Number of protein chains: 2
Amino acid sequence: MRATIREVAREAGVSASTVSRALSAPEMVNDATRERVLRAAERLGYAPNRAARGLITGRTGNLGLIVPDLTNPFFPSVVKGVQARAREADYAVFLADTDEDQAAEAGLVRALAKQVDGLILCSPRAPEEEIRDLAEHTTLVMVNRRFGNVPSVVFDSADGIRQAIAHLQALGHRRVAWVGGPRASWSNRDRVRALRSAAGAASMELFVAGHFPPYFEGGVAAADLVVASGVTSVIAYNDVMALGLLSRLRDRDVQVPHDISVIGVDDIQMSAMSAPALTTVSVGKEQAGRAAVDLLLALLQQPDGVRNTRRELPTQLLVRGSTGVARVT
Amino acid sequence: MRATIREVAREAGVSASTVSRALSAPEMVNDATRERVLRAAERLGYAPNRAARGLITGRTGNLGLIVPDLTNPFFPSVVKGVQARAREADYAVFLADTDEDQAAEAGLVRALAKQVDGLILCSPRAPEEEIRDLAEHTTLVMVNRRFGNVPSVVFDSADGIRQAIAHLQALGHRRVAWVGGPRASWSNRDRVRALRSAAGAASMELFVAGHFPPYFEGGVAAADLVVASGVTSVIAYNDVMALGLLSRLRDRDVQVPHDISVIGVDDIQMSAMSAPALTTVSVGKEQAGRAAVDLLLALLQQPDGVRNTRRELPTQLLVRGSTGVARVT
DNA sequence: AACAACTTTGCAAAGGATTGCATCGAGCTG
DNA sequence: CAGCTCGATGCAATCCTTTGCAAAGTTGTT
């Protein structure tokens, strides 16, 4: 069916070894010969059999990408970035969606790990011991989470939060609420920590509304607590929740930003499309995907030679219509 | 490193062939022996090397899934469905996002095709000749598009459109606008055809606003034309566009549904969260992904024995807040 | 002119699993 | 009990590529 290296060898009048080298170690073969081989390969439409290559090299040329829930709009962007960068490096990407199922995830990941050279894990809530275990057997990069010395790509959310607080302060806000995401989420802890210190430094009063599911409904559920707390501004764990807040506030005829200013995190597409458009801490989601691939490939090339196994990507507050001057209380 | 079939064989005191058969053709080996082999495999944590297996069987155990743009909220759901069903059948899924780039797509698809047993193609606008070419060399299933006798999974949008028209008619609407998607899109043609016939049958006047990019901005751009046309209702090619319509109508203080009723197609997550919530033709996106995998696996098992290579999934109008009684004109 | 060093190429083994064919033994039939 | 069938197992070839080592050929050095 498909041409093999032997047929190319015959066509070019050389041995299979020479063909192999002409393709994957060009400097080892004479220019003229290489040229002849390449033309023969071209003529026959030859492409190396990845399975055979993988069998002997021990490398598959594949990466694995694990996400908890693709319908959460944060992840598709990351996937796009991973995908694009992997393709540039001639790697293919296995995608696994764990559907937020911790139990299934473990098995799934283990199965996938055998078919790839390395894994990228976006799993904000996987138990730590599982990650530790996995990191021992696999080349692993985590996105949006930091754990031990596992290589990771994270966002400098702390800085984004600081920007948000500075923005609110400049608008005259003195009281801010935090609508938290899942208790187990690393980035939630990271953000709330940053918020505490930033609010403290700005002498702003902080009302922590608690932990909510990181979905639209979570924001809806938090809205009434936020209103009751009497704050003039609120920052949500992510944009989807912030949109939930906006929705519930609208239902209650609480004017945004007149009565209360709302800020999200992530800058998902819908944030620019809500009414009012959402002020948000923008994070480079595709960029994170690309960075994760870069890091992973570097680790694969020289497992111990990579100096910086932690990438921290900058964040940027995007001011839109959902924040405004604090109401007078 | 990882256990091989030989080590399992030694552990169980049998030959490698027997181990292989115990695992993949259980009925060929004696119960007691099989039991012994399975326990040995378990003890050593053995899992077959997929590359080696693929080399000899010619099957990879992988599927390829190609989508045009993951950030379009329609696709993540399909991907989830594909993924889930593939995993159940012990297949892994390669994901490729073509980023709406036709030129890149061709190469990408061809590269991917060599590493998989079959491909699932969600590519509403890929040129027909490319698909024809691809279908010759690969086992292929298309989602949301029909072309020649290439196996496909599509939605019965026509029926959904009929339901939408019936709904509008029941609310007293006599004039409806259509906000079209890309000219090259198969599903757009499918829907507009259904709309023409349904509107005709209901003696409703149809205003076709033209073709727009299938994004939020497309809906925004179409809104003013729709208003100017004097219709009392509008159906958009998809939900994202319908949300764009809602947004622009709100900006112009056109009341939905009082002044104009709006209907979308797809039932993406955000549709339930807009204000007003969007009436939409709901399609089983995950279900389509699963059906595509089922069809693909059936084709792989018996290339010519599959009777029905076309699955058409039902659609259902979801009535929410964006449709109401027609205003009196 | 002889030898060393180097470049270029081929040979053959290896990687792990599957599978056609041969073998062996047990059970059945007449 | 001889002969036959059939189930269970092992042997060895095979899938395609990569790569260590050796051979052959070339160039340069003394």
# chains A, B, ... in the order shown; residues from 1 in each chain; ligands from 1

$ residues_around --residues "C:DC28" --least-positions-apart "6" --cutoff "12 Å" --atoms "only C-alpha atoms (C1' of nucleotides)" --output "NGL selection string"
:D and (3-6)

$ write_last_selection --atoms "N, CA and C atoms (P, O5', C5', C4', C3', O3' and C1' of nucleotides)" --output "compact mmCIF listing (two decimals), in the first residue's frame"
# COMPACT_ATOMS: atom_id res chain seq x y z
P DG D 3 -3.10 -47.86 12.63
O5' DG D 3 -4.19 -46.73 12.39
C5' DG D 3 -5.53 -47.11 12.05
C4' DG D 3 -6.41 -45.87 12.14
C3' DG D 3 -5.74 -44.59 11.61
O3' DG D 3 -6.67 -43.93 10.78
C1' DG D 3 -6.56 -44.22 13.79
P DC D 4 -6.20 -42.71 9.90
O5' DC D 4 -7.28 -41.63 10.31
C5' DC D 4 -8.58 -42.06 10.76
C4' DC D 4 -9.21 -40.94 11.57
C3' DC D 4 -8.76 -39.54 11.16
O3' DC D 4 -9.89 -38.75 10.86
C1' DC D 4 -8.52 -39.83 13.51
P DT D 5 -9.71 -37.29 10.29
O5' DT D 5 -10.30 -36.46 11.50
C5' DT D 5 -11.38 -37.00 12.28
C4' DT D 5 -11.62 -36.09 13.48
C3' DT D 5 -11.40 -34.60 13.20
O3' DT D 5 -12.46 -33.88 13.81
C1' DT D 5 -10.02 -35.29 14.99
P DC D 6 -12.68 -32.33 13.49
O5' DC D 6 -12.31 -31.68 14.90
C5' DC D 6 -12.62 -32.37 16.12
C4' DC D 6 -11.83 -31.73 17.24
C3' DC D 6 -11.54 -30.23 17.03
O3' DC D 6 -11.73 -29.56 18.26
C1' DC D 6 -9.54 -31.38 17.44

$ closest_atom_pairs --of "chain B" --to "chain A" --cutoff "6 Å" --atoms "only C-alpha atoms" --output "JSON lines"
{"residue": "B:Ala51", "atom": "CA", "partner": "A:Ala51", "partner_atom": "CA", "distance": 4.6}
{"residue": "B:Leu55", "atom": "CA", "partner": "A:Ala51", "partner_atom": "CA", "distance": 5.8}
{"residue": "B:Leu70", "atom": "CA", "partner": "A:Pro76", "partner_atom": "CA", "distance": 5.6}
{"residue": "B:Thr71", "atom": "CA", "partner": "A:Pro76", "partner_atom": "CA", "distance": 5.7}
{"residue": "B:Pro76", "atom": "CA", "partner": "A:Leu70", "partner_atom": "CA", "distance": 5.6}
{"residue": "B:Val93", "atom": "CA", "partner": "A:Phe94", "partner_atom": "CA", "distance": 5.5}
{"residue": "B:Phe94", "atom": "CA", "partner": "A:Phe94", "partner_atom": "CA", "distance": 4.5}

$ interface_residues --of "chain D" --to "chain B" --cutoff "8 Å" --atoms "only C-alpha atoms (C1' of nucleotides)" --output "MDAnalysis selection string"
chainID D and resid 8:10 14:16

$ write_last_selection --atoms "C-alpha atoms (C1' of nucleotides)" --output "mmCIF file, in the first residue's frame"
data_model
loop_
_atom_site.group_PDB
_atom_site.id
_atom_site.type_symbol
_atom_site.label_atom_id
_atom_site.label_comp_id
_atom_site.auth_asym_id
_atom_site.auth_seq_id
_atom_site.Cartn_x
_atom_site.Cartn_y
_atom_site.Cartn_z
ATOM 1 C "C1'" DA D 8 -3.983 -26.066 22.869
ATOM 2 C "C1'" DT D 9 0.496 -24.450 22.422
ATOM 3 C "C1'" DG D 10 5.066 -23.209 20.422
ATOM 4 C "C1'" DT D 14 6.969 -10.690 9.635
ATOM 5 C "C1'" DC D 15 5.750 -5.656 10.040
ATOM 6 C "C1'" DC D 16 9.298 -1.089 8.985
#

$ closest_residue --among "C:DC11, C:DC24, C:DA17, C:DA5" --to "chain B" --atoms "only C-alpha atoms (C1' of nucleotides)"
C:DA17

$ atom_distance --atom1 "atom CA of B:Val208" --atom2 "atom CA of B:Asp224"
13.0 Å

$ select_by_dssp --residues "stretch 59-273 of chain B" --states "alpha helix (DSSP H)" --output "ChimeraX atom specification"
/B:74-88,102-113,128-137,157-170,186-201,216-229,239-251

$ interface_residues --of "chain C" --to "chain A" --cutoff "9 Å" --atoms "only C-alpha atoms (C1' of nucleotides)" --output "count of residues only"
7

$ residues_around --residues "A:Gly264" --least-positions-apart "2" --cutoff "6 Å" --atoms "only C-alpha atoms (C1' of nucleotides)" --output "PyMOL selection string"
chain A and resi 235-236+238-239+242+280

$ write_last_selection --atoms "C-alpha atoms" --output "PDB file, in the first residue's frame"
ATOM      1  CA  ILE A 235     -14.006  40.235  41.464  1.00  0.00           C
ATOM      2  CA  ALA A 236     -14.925  36.729  40.360  1.00  0.00           C
ATOM      3  CA  ASN A 238     -13.325  33.583  36.360  1.00  0.00           C
ATOM      4  CA  ASP A 239     -15.284  35.228  33.592  1.00  0.00           C
ATOM      5  CA  ALA A 242     -18.672  37.001  36.432  1.00  0.00           C
ATOM      6  CA  THR A 280     -11.423  41.250  33.074  1.00  0.00           C
TER       7      THR A 280
END

$ atom_distance --atom1 "atom CA of A:Ser203" --atom2 "atom CA of A:Val325"
17.4 Å

$ closest_residue --among "B:Val154, B:Thr139, B:Gln255, B:Asp31" --to "D:DG7" --atoms "only C-alpha atoms (C1' of nucleotides)"
B:Asp31

$ atom_distance --atom1 "atom CA of A:Ser152" --atom2 "atom CA of A:Gln102"
20.2 Å
